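Asker: The structure file input15.cif (mmCIF, C-alpha atoms and all ligand atoms) is provided below.
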data_entry
#
loop_
_atom_site.label_atom_id
_atom_site.label_comp_id
_atom_site.auth_asym_id
_atom_site.auth_seq_id
_atom_site.Cartn_x
_atom_site.Cartn_y
_atom_site.Cartn_z
CA MET J 1 -3.33 -26.33 -18.23
CA GLY J 2 -1.80 -22.86 -17.78
CA ARG J 3 -1.42 -20.20 -20.46
CA PHE J 4 2.28 -21.06 -20.93
CA GLN J 5 2.12 -24.85 -20.96
CA GLY J 6 5.30 -26.17 -22.60
CA ARG J 7 6.60 -22.71 -23.55
CA THR J 8 10.17 -21.65 -22.88
CA VAL J 9 10.47 -18.46 -20.84
CA ILE J 10 13.76 -16.71 -20.02
CA VAL J 11 13.76 -14.11 -17.23
CA THR J 12 16.95 -12.03 -16.93
CA GLY J 13 17.55 -10.66 -13.47
CA GLY J 14 15.52 -13.77 -12.62
CA GLY J 15 17.13 -14.11 -9.21
CA GLY J 16 16.13 -10.57 -8.18
CA GLY J 17 13.17 -9.42 -6.10
CA MET J 18 10.84 -9.02 -9.06
CA GLY J 19 12.51 -11.74 -11.13
CA VAL J 20 11.76 -14.63 -8.76
CA GLU J 21 8.09 -13.67 -8.60
CA ILE J 22 7.92 -13.43 -12.40
CA CYS J 23 9.51 -16.90 -12.68
CA ARG J 24 7.02 -18.27 -10.15
CA THR J 25 4.06 -16.92 -12.13
CA PHE J 26 5.23 -18.43 -15.42
CA ALA J 27 6.21 -21.76 -13.81
CA ALA J 28 2.80 -21.98 -12.11
CA GLU J 29 1.21 -21.68 -15.56
CA GLY J 30 3.20 -24.54 -17.04
CA ALA J 31 6.23 -22.78 -18.58
CA LYS J 32 9.75 -24.15 -18.80
CA VAL J 33 11.39 -21.26 -16.94
CA VAL J 34 15.04 -20.22 -17.14
CA VAL J 35 16.17 -18.06 -14.21
CA ALA J 36 19.05 -16.09 -15.74
CA ASP J 37 21.15 -13.85 -13.49
CA VAL J 38 24.69 -12.54 -13.24
CA ASN J 39 24.58 -13.67 -9.61
CA MET J 40 24.34 -17.48 -9.70
CA ASP J 41 23.61 -17.60 -5.96
CA PHE J 42 20.51 -15.45 -6.51
CA ALA J 43 19.43 -17.64 -9.45
CA SER J 44 19.91 -20.88 -7.49
CA ARG J 45 18.16 -19.47 -4.43
CA GLY J 46 15.22 -18.48 -6.65
CA VAL J 47 15.00 -21.95 -8.19
CA ASN J 48 15.15 -23.58 -4.74
CA ALA J 49 12.30 -21.36 -3.53
CA LEU J 50 10.21 -22.44 -6.54
CA LYS J 51 11.08 -26.11 -5.97
CA GLN J 52 9.82 -25.86 -2.39
CA GLN J 53 6.46 -24.90 -3.87
CA GLY J 54 6.50 -27.83 -6.25
CA LEU J 55 7.50 -25.71 -9.27
CA ASP J 56 10.41 -26.30 -11.61
CA ALA J 57 12.93 -23.90 -13.18
CA THR J 58 16.52 -23.89 -14.41
CA PRO J 59 19.16 -21.50 -13.06
CA VAL J 60 21.64 -20.04 -15.54
CA ALA J 61 24.53 -17.58 -15.14
CA ILE J 62 24.50 -14.71 -17.63
CA ASP J 63 25.90 -11.20 -17.99
CA VAL J 64 23.31 -9.39 -20.11
CA ALA J 65 25.89 -6.76 -21.11
CA ASP J 66 28.24 -9.32 -22.70
CA ARG J 67 27.23 -10.12 -26.29
CA ASP J 68 29.21 -13.38 -26.62
CA ASN J 69 27.83 -14.61 -23.31
CA VAL J 70 24.22 -13.79 -24.25
CA GLU J 71 24.55 -15.50 -27.64
CA LYS J 72 26.08 -18.61 -26.10
CA VAL J 73 23.61 -18.91 -23.23
CA PHE J 74 20.50 -18.20 -25.32
CA GLY J 75 21.76 -20.59 -28.05
CA GLU J 76 22.12 -23.38 -25.49
CA ILE J 77 18.68 -22.67 -24.01
CA ALA J 78 17.03 -22.65 -27.44
CA GLN J 79 18.64 -25.97 -28.32
CA ARG J 80 17.78 -27.62 -25.00
CA PHE J 81 14.20 -26.34 -24.72
CA ASP J 82 13.15 -26.20 -28.38
CA GLY J 83 13.45 -22.45 -29.01
CA ILE J 84 12.57 -19.38 -26.96
CA ASP J 85 8.91 -18.32 -26.65
CA VAL J 86 9.05 -15.51 -24.09
CA LEU J 87 11.85 -13.24 -22.91
CA VAL J 88 11.50 -10.95 -19.90
CA CYS J 89 14.38 -8.47 -19.61
CA GLY J 90 14.45 -7.67 -15.91
CA ALA J 91 18.17 -7.38 -15.15
CA GLY J 92 18.93 -3.91 -13.84
CA VAL J 93 21.16 -1.77 -11.67
CA ARG J 94 20.58 1.60 -10.03
CA ARG J 95 23.23 4.10 -8.98
CA MET J 96 22.21 7.26 -7.12
CA ALA J 97 23.96 10.62 -7.64
CA PRO J 98 23.05 14.12 -8.82
CA LEU J 99 23.99 14.41 -12.49
CA LEU J 100 26.78 16.92 -11.86
CA ASP J 101 28.40 14.43 -9.48
CA HIS J 102 27.70 11.29 -11.49
CA SER J 103 30.85 9.28 -12.10
CA LEU J 104 31.44 8.18 -15.67
CA GLU J 105 31.94 4.66 -14.34
CA ASP J 106 28.44 4.53 -12.79
CA TRP J 107 26.88 6.21 -15.85
CA GLU J 108 28.42 3.64 -18.17
CA LEU J 109 27.58 0.67 -15.93
CA THR J 110 23.94 1.77 -15.75
CA LEU J 111 23.60 2.25 -19.50
CA ARG J 112 25.47 -0.98 -20.22
CA VAL J 113 23.31 -3.23 -18.01
CA ASN J 114 19.92 -1.48 -18.27
CA LEU J 115 19.93 -0.46 -21.94
CA THR J 116 22.66 -2.32 -23.85
CA GLY J 117 21.67 -5.46 -21.91
CA VAL J 118 18.08 -5.11 -23.18
CA PHE J 119 19.33 -4.50 -26.73
CA LEU J 120 21.54 -7.61 -26.67
CA CYS J 121 19.07 -9.99 -25.00
CA SER J 122 16.06 -8.81 -27.03
CA THR J 123 17.78 -9.00 -30.39
CA VAL J 124 19.46 -12.35 -29.73
CA ALA J 125 16.16 -13.86 -28.48
CA ALA J 126 14.25 -12.27 -31.37
CA ARG J 127 16.38 -14.13 -33.92
CA HIS J 128 15.31 -17.42 -32.32
CA MET J 129 11.67 -16.26 -32.18
CA LYS J 130 11.70 -15.20 -35.85
CA ARG J 131 12.69 -18.74 -36.76
CA LYS J 132 9.66 -20.05 -34.83
CA GLY J 133 7.41 -17.42 -36.40
CA LYS J 134 6.18 -16.07 -33.04
CA GLY J 135 7.29 -14.83 -29.65
CA SER J 136 6.84 -12.21 -26.98
CA ILE J 137 9.39 -9.92 -25.34
CA ILE J 138 8.73 -7.79 -22.28
CA ASN J 139 11.33 -5.22 -21.29
CA ILE J 140 11.12 -3.88 -17.74
CA ALA J 141 11.59 -0.11 -17.94
CA SER J 142 10.27 2.16 -15.17
CA VAL J 143 8.01 5.16 -14.56
CA ASN J 144 11.40 6.93 -14.30
CA GLY J 145 11.68 6.51 -18.06
CA VAL J 146 8.96 9.14 -18.52
CA ARG J 147 9.12 11.18 -15.26
CA ALA J 148 12.36 12.53 -13.88
CA CYS J 149 13.39 11.45 -10.41
CA GLU J 150 16.22 13.59 -9.08
CA GLY J 151 19.44 11.82 -8.23
CA MET J 152 18.78 9.03 -10.72
CA GLY J 153 19.80 10.63 -14.03
CA ALA J 154 21.63 7.65 -15.48
CA TYR J 155 18.88 5.24 -14.44
CA ASN J 156 16.14 7.51 -15.82
CA ALA J 157 17.97 7.88 -19.15
CA SER J 158 18.51 4.13 -19.41
CA LYS J 159 14.81 3.43 -18.83
CA ALA J 160 13.70 6.11 -21.34
CA GLY J 161 16.01 4.35 -23.79
CA VAL J 162 14.36 1.00 -23.05
CA ILE J 163 10.92 2.45 -23.89
CA SER J 164 12.12 3.90 -27.21
CA PHE J 165 14.04 0.74 -28.07
CA THR J 166 10.93 -1.35 -27.34
CA GLN J 167 8.81 0.75 -29.70
CA THR J 168 11.28 0.44 -32.58
CA LEU J 169 11.80 -3.29 -32.09
CA ALA J 170 8.03 -3.85 -31.97
CA CYS J 171 7.69 -2.14 -35.37
CA GLU J 172 10.52 -4.15 -36.89
CA LEU J 173 9.33 -7.50 -35.51
CA GLY J 174 5.58 -7.07 -36.08
CA PRO J 175 5.73 -8.75 -39.52
CA HIS J 176 7.37 -11.77 -37.87
CA ARG J 177 4.61 -12.13 -35.26
CA VAL J 178 6.98 -11.26 -32.42
CA ARG J 179 5.40 -8.82 -29.97
CA VAL J 180 7.56 -6.45 -27.90
CA ASN J 181 6.25 -4.44 -24.95
CA ALA J 182 7.62 -2.51 -22.00
CA LEU J 183 6.46 -2.59 -18.39
CA LEU J 184 6.78 0.61 -16.35
CA PRO J 185 6.68 -0.28 -12.66
CA ALA J 186 6.52 2.30 -9.90
CA GLN J 187 8.01 1.53 -6.46
CA THR J 188 7.92 -2.22 -5.90
CA GLU J 189 8.97 -4.06 -2.72
CA THR J 190 12.33 -5.55 -3.74
CA PRO J 191 15.95 -5.31 -2.56
CA MET J 192 16.57 -2.59 -5.18
CA ILE J 193 14.72 -0.01 -3.10
CA ALA J 194 15.30 -1.51 0.36
CA GLU J 195 16.87 1.75 1.58
CA GLN J 196 13.57 3.62 1.18
CA VAL J 197 12.21 3.55 4.73
CA GLY J 198 10.56 5.87 7.27
CA GLU J 199 9.80 9.40 6.16
CA GLU J 200 11.43 8.88 2.77
CA ARG J 201 9.07 6.01 2.03
CA GLN J 202 6.04 7.87 3.36
CA ARG J 203 6.74 10.85 1.06
CA ARG J 204 6.95 8.53 -1.90
CA GLU J 205 3.75 6.67 -0.97
CA GLU J 206 1.89 9.99 -0.77
CA ARG J 207 2.88 10.57 -4.41
CA ILE J 208 1.09 7.35 -5.46
CA PRO J 209 -2.74 7.65 -5.64
CA LEU J 210 -3.18 4.07 -4.38
CA GLY J 211 -1.01 5.12 -1.43
CA ARG J 212 1.37 2.17 -1.26
CA TYR J 213 4.25 0.35 -2.93
CA ALA J 214 3.51 -2.53 -5.29
CA GLN J 215 4.16 -6.18 -4.57
CA PRO J 216 6.40 -8.01 -7.08
CA SER J 217 3.48 -10.36 -7.83
CA GLU J 218 1.52 -7.37 -9.19
CA MET J 219 4.28 -6.80 -11.75
CA ALA J 220 4.47 -10.52 -12.51
CA SER J 221 0.77 -10.79 -13.36
CA ALA J 222 0.95 -7.78 -15.72
CA ILE J 223 4.01 -9.29 -17.42
CA ALA J 224 2.28 -12.66 -17.77
CA PHE J 225 -0.69 -10.89 -19.37
CA LEU J 226 1.56 -9.10 -21.89
CA ALA J 227 3.36 -12.36 -22.67
CA SER J 228 0.17 -14.36 -23.12
CA ASP J 229 -2.19 -14.80 -26.05
CA ASP J 230 -4.66 -12.63 -24.10
CA ALA J 231 -2.51 -9.71 -25.33
CA SER J 232 -2.27 -11.00 -28.91
CA PHE J 233 -2.89 -7.54 -30.49
CA ILE J 234 -0.73 -5.54 -28.07
CA THR J 235 2.76 -4.58 -29.22
CA GLY J 236 4.96 -1.49 -28.91
CA HIS J 237 3.07 -0.60 -25.74
CA ALA J 238 4.51 0.84 -22.53
CA LEU J 239 2.25 -0.40 -19.73
CA ALA J 240 2.53 1.57 -16.49
CA VAL J 241 1.76 -0.55 -13.43
CA ASP J 242 2.14 2.32 -11.03
CA GLY J 243 -0.83 2.75 -8.67
CA GLY J 244 -1.69 5.95 -10.59
CA TYR J 245 1.76 7.57 -10.19
CA LEU J 246 1.93 8.86 -13.78
CA ALA J 247 -1.63 10.20 -13.64
CA PHE J 248 -0.93 12.27 -10.55
CA GLY J 249 -0.18 15.99 -10.91
CA PHE J 250 -0.67 18.04 -7.78
CA ARG J 251 -2.76 17.76 -4.61
CA PRO J 252 -4.27 21.15 -3.61
CA SER J 253 -3.94 21.85 0.12
CA VAL J 254 -7.74 22.14 0.43
CA TYR J 255 -7.81 18.33 0.28
CA GLY J 256 -5.36 18.05 3.17
N1 LIG E 301 11.91 -2.30 -7.47
C1 LIG E 301 11.41 -1.20 -8.02
O1 LIG E 301 10.84 -0.33 -7.34
C2 LIG E 301 11.51 -0.99 -9.52
C3 LIG E 301 10.78 0.06 -10.10
C4 LIG E 301 10.84 0.27 -11.46
C5 LIG E 301 11.59 -0.58 -12.25
N2 LIG E 301 12.30 -1.59 -11.68
C6 LIG E 301 13.09 -2.47 -12.56
O2 LIG E 301 12.66 -3.80 -12.38
C7 LIG E 301 13.73 -4.70 -12.70
C8 LIG E 301 13.91 -5.70 -11.56
O3 LIG E 301 14.35 -4.98 -10.43
P1 LIG E 301 14.23 -5.50 -8.92
O4 LIG E 301 13.48 -4.49 -8.18
O5 LIG E 301 13.80 -6.92 -8.90
O6 LIG E 301 15.76 -5.36 -8.48
P2 LIG E 301 16.77 -6.41 -7.87
O7 LIG E 301 18.00 -5.63 -7.55
O8 LIG E 301 16.11 -7.20 -6.79
O9 LIG E 301 17.06 -7.41 -9.10
C9 LIG E 301 17.88 -7.07 -10.19
C10 LIG E 301 18.57 -8.35 -10.64
O10 LIG E 301 19.36 -8.06 -11.82
C11 LIG E 301 20.55 -8.81 -11.72
N3 LIG E 301 21.58 -8.23 -12.57
C12 LIG E 301 22.28 -7.07 -12.37
N4 LIG E 301 23.19 -6.90 -13.34
C13 LIG E 301 23.07 -7.96 -14.19
C14 LIG E 301 23.75 -8.36 -15.38
N5 LIG E 301 24.75 -7.63 -15.90
N6 LIG E 301 23.36 -9.50 -16.00
C15 LIG E 301 22.37 -10.26 -15.46
N7 LIG E 301 21.70 -9.95 -14.33
C16 LIG E 301 22.05 -8.81 -13.70
C17 LIG E 301 20.90 -8.76 -10.23
O11 LIG E 301 21.82 -9.77 -9.87
C18 LIG E 301 19.54 -8.91 -9.59
O12 LIG E 301 19.23 -10.27 -9.31
C19 LIG E 301 14.96 -3.81 -12.95
O13 LIG E 301 15.11 -3.61 -14.34
C20 LIG E 301 14.57 -2.50 -12.28
O14 LIG E 301 15.25 -1.40 -12.84
C21 LIG E 301 12.29 -1.82 -10.33
#
Show me, as structure tokens, the structure contained in the file I just sent.
Ligand SMILES: NC(=O)c1ccc[n+]([C@@H]2O[C@H](COP(=O)([O-])OP(=O)(O)OC[C@H]3O[C@@H](n4cnc5c(N)ncnc54)[C@H](O)[C@@H]3O)[C@@H](O)[C@H]2O)c1

Answerer:
Amino acid sequence: MGRFQGRTVIVTGGGGGMGVEICRTFAAEGAKVVVADVNMDFASRGVNALKQQGLDATPVAIDVADRDNVEKVFGEIAQRFDGIDVLVCGAGVRRMAPLLDHSLEDWELTLRVNLTGVFLCSTVAARHMKRKGKGSIINIASVNGVRACEGMGAYNASKAGVISFTQTLACELGPHRVRVNALLPAQTETPMIAEQVGEERQRREERIPLGRYAQPSEMASAIAFLASDDASFITGHALAVDGGYLAFGFRPSVYG
């Protein structure tokens, strides 16, 4: 018996690099997992990969930035699977540009998917959880939500917004026994950062005390912890899973 036996878990961005690994972790612990993604090919591919390992999950098409769509899809899931127990908001986009060159289109897309998407999915799921009298929401923010990374102004702002949103929602939902937490990953091996290779990657790894990028499974196990009863008194928290990135300040040259 896993920690999530019989529980319904929705993972948005579930067909993405981190999403599939998160779905695998929950499915392996007995959850009824819904792989929700705007790209149905990604969602189906993720479900097929799980099936090959003897795990089950359901693919669903969703646009997290579309309120009517989120309400319809989550309503159908809640009816089919007897409510919603866990929501992981992982859907995200990243557009690179210095702020003075940032197009309004990219700024708005980033805020709409990364922040408004979290607002819509979290609040719609929370209404179902309130009815059940319990639930857990994990919003995937980023270390970029608390430390600036040049060329990613819209992304950074969206992730800072996710952290603040998470804190407020946790306060408002505490009395209903719904916990809300944020995960702050540092660089994780997924398609989102596939362009970081060679010297660029090396420079970034040097900035991380553990000296490497994370594996998606390392994010998945932290998320499963936050979602589980093991974290029953943790809410409103922003958990950095970052190999020490946020602790790092400056390396004096005497240390080479
Ligand atoms: N990979 C990293 O280094 C890293 C670091 C910090 C935070 N994050 C965050 O982790 C989360 C997962 O990222 P990833 O690395 O797996 O990236 P990814 O690009 O592999 O996956 C993102 C997924 O989100 C989906 N998506 C995009 N727009 C959507 C929409 N409107 N509705 C529904 N789904 C949508 C995509 O189709 C994709 O499957 C994101 O929120 C990302 O910002 C990633």

Asker: Give me, as CSV, each residue of chain J that comes within 9 Å of ligand LIG 301 (chain E), together with its shortest interatomic pair and the distance in Å at one decimal, counting all atoms listed in the file, with rows ordered by chain and rising residue number.

Answerer:
residue,atom,partner,partner_atom,distance
J:Thr12,CA,E:LIG301,N7,5.8
J:Gly13,CA,E:LIG301,O10,3.6
J:Gly14,CA,E:LIG301,O12,6.1
J:Gly15,CA,E:LIG301,O12,4.4
J:Gly16,CA,E:LIG301,O12,3.3
J:Gly17,CA,E:LIG301,O8,3.7
J:Met18,CA,E:LIG301,O5,3.6
J:Gly19,CA,E:LIG301,O5,5.5
J:Val20,CA,E:LIG301,O5,8.0
J:Glu21,CA,E:LIG301,O5,8.8
J:Ala36,CA,E:LIG301,C15,6.7
J:Asp37,CA,E:LIG301,N7,4.0
J:Val38,CA,E:LIG301,C15,3.9
J:Asn39,CA,E:LIG301,O11,4.8
J:Met40,CA,E:LIG301,O11,8.1
J:Asp41,CA,E:LIG301,O11,8.9
J:Phe42,CA,E:LIG301,O12,6.0
J:Ala43,CA,E:LIG301,O12,7.4
J:Ala61,CA,E:LIG301,C15,7.6
J:Ile62,CA,E:LIG301,C15,5.4
J:Asp63,CA,E:LIG301,N6,3.6
J:Val64,CA,E:LIG301,N6,4.1
J:Ala65,CA,E:LIG301,N5,5.4
J:Asp66,CA,E:LIG301,N5,7.8
J:Cys89,CA,E:LIG301,O13,7.2
J:Gly90,CA,E:LIG301,O13,4.4
J:Ala91,CA,E:LIG301,O10,3.6
J:Gly92,CA,E:LIG301,O13,3.9
J:Val93,CA,E:LIG301,C12,5.5
J:Arg94,CA,E:LIG301,O14,6.7
J:Leu109,CA,E:LIG301,N5,8.8
J:Arg112,CA,E:LIG301,N5,8.0
J:Val113,CA,E:LIG301,N5,5.1
J:Asn114,CA,E:LIG301,O13,6.6
J:Gly117,CA,E:LIG301,N5,7.1
J:Asn139,CA,E:LIG301,O13,8.1
J:Ile140,CA,E:LIG301,O13,5.2
J:Ala141,CA,E:LIG301,C5,5.7
J:Ser142,CA,E:LIG301,C4,4.2
J:Val143,CA,E:LIG301,C4,6.4
J:Asn144,CA,E:LIG301,C4,7.3
J:Tyr155,CA,E:LIG301,O14,7.7
J:Lys159,CA,E:LIG301,O14,7.7
J:Leu183,CA,E:LIG301,C5,8.2
J:Leu184,CA,E:LIG301,C4,6.4
J:Pro185,CA,E:LIG301,C4,4.4
J:Ala186,CA,E:LIG301,C3,4.8
J:Gln187,CA,E:LIG301,O1,3.5
J:Thr188,CA,E:LIG301,O1,3.8
J:Glu189,CA,E:LIG301,N1,5.9
J:Thr190,CA,E:LIG301,O4,4.7
J:Pro191,CA,E:LIG301,O8,4.6
J:Met192,CA,E:LIG301,O7,4.1
J:Ile193,CA,E:LIG301,N1,5.7
J:Ala194,CA,E:LIG301,N1,8.6
J:Tyr213,CA,E:LIG301,O1,8.0
J:Ala214,CA,E:LIG301,O1,7.9
J:Pro216,CA,E:LIG301,O5,7.7
J:Met219,CA,E:LIG301,O2,8.9
J:Asp242,CA,E:LIG301,C4,8.9

Asker: Of the candidates J:Ala238, J:Phe248, J:Val47, J:Ser232, which one gets nearest to Gly211 (chain J) if we count all atoms listed in the file?

Answerer: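 Looking at the shortest contact to Gly211 (chain J), the residue is J:Phe248.
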
Asker: Calculated over all atoms listed in the file, which of the candidates J:Ala31, J:Ala170, J:Ile223, J:Glu205 has the smallest distance to Gly243 (chain J)?

Answerer: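 With all atoms listed in the file as the atom set, the closest residue is J:Glu205.
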
Asker: Skipping near chain neighbours, those fewer than 3 positions away, what residues fall within 10 Å of region 83-87 of chain J using only C-alpha atoms, listed as a PyMOL selection string?

Answerer: chain J and resi 4+6-12+26+31-34+74-80+90+121-122+125-139+178-180+224+227-228

Asker: One decimal, in Å: what's the spacing between CA of Leu50 (chain J) and CA of Gly30 (chain J)?

Answerer: 12.8 Å

Asker: Using only C-alpha atoms, which residue out of J:Leu246, J:Ala220, J:Met1, J:Leu120 lies closest to Glu71 (chain J)?

Answerer: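 Smallest separation from Glu71 (chain J) among the options: J:Leu120.
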
Asker: Which residue, J:Val254, J:Ala148, J:Ala231, J:Ala154, has the smallest gap to Thr110 (chain J) when you use only C-alpha atoms?

Answerer: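 Among J:Val254, J:Ala148, J:Ala231, J:Ala154, it is J:Ala154 that comes nearest to Thr110 (chain J).
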
Asker: If you measure from CA of Gly151 (chain J) to CA of Arg212 (chain J), what distance in Å do you get, rounded to one decimal?

Answerer: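 According to the coordinates, CA of Gly151 (chain J) and CA of Arg212 (chain J) are separated by 21.6 Å.
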
Asker: Identify the residues within 6 Å of coordinate (5.2, -3.9, -25.5) (same frame as the file), considering only C-alpha atoms, and give the answer as a PDB file with C-alpha atoms, in the coordinates of the input.

Answerer:
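Produced file out-v2.pdb, reproduced below:
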ATOM      1  CA  VAL J 180       7.560  -6.450 -27.900  1.00  0.00           C
ATOM      2  CA  ASN J 181       6.250  -4.440 -24.950  1.00  0.00           C
ATOM      3  CA  ALA J 182       7.620  -2.510 -22.000  1.00  0.00           C
ATOM      4  CA  THR J 235       2.760  -4.580 -29.220  1.00  0.00           C
ATOM      5  CA  GLY J 236       4.960  -1.490 -28.910  1.00  0.00           C
ATOM      6  CA  HIS J 237       3.070  -0.600 -25.740  1.00  0.00           C
ATOM      7  CA  ALA J 238       4.510   0.840 -22.530  1.00  0.00           C
TER       8      ALA J 238
END
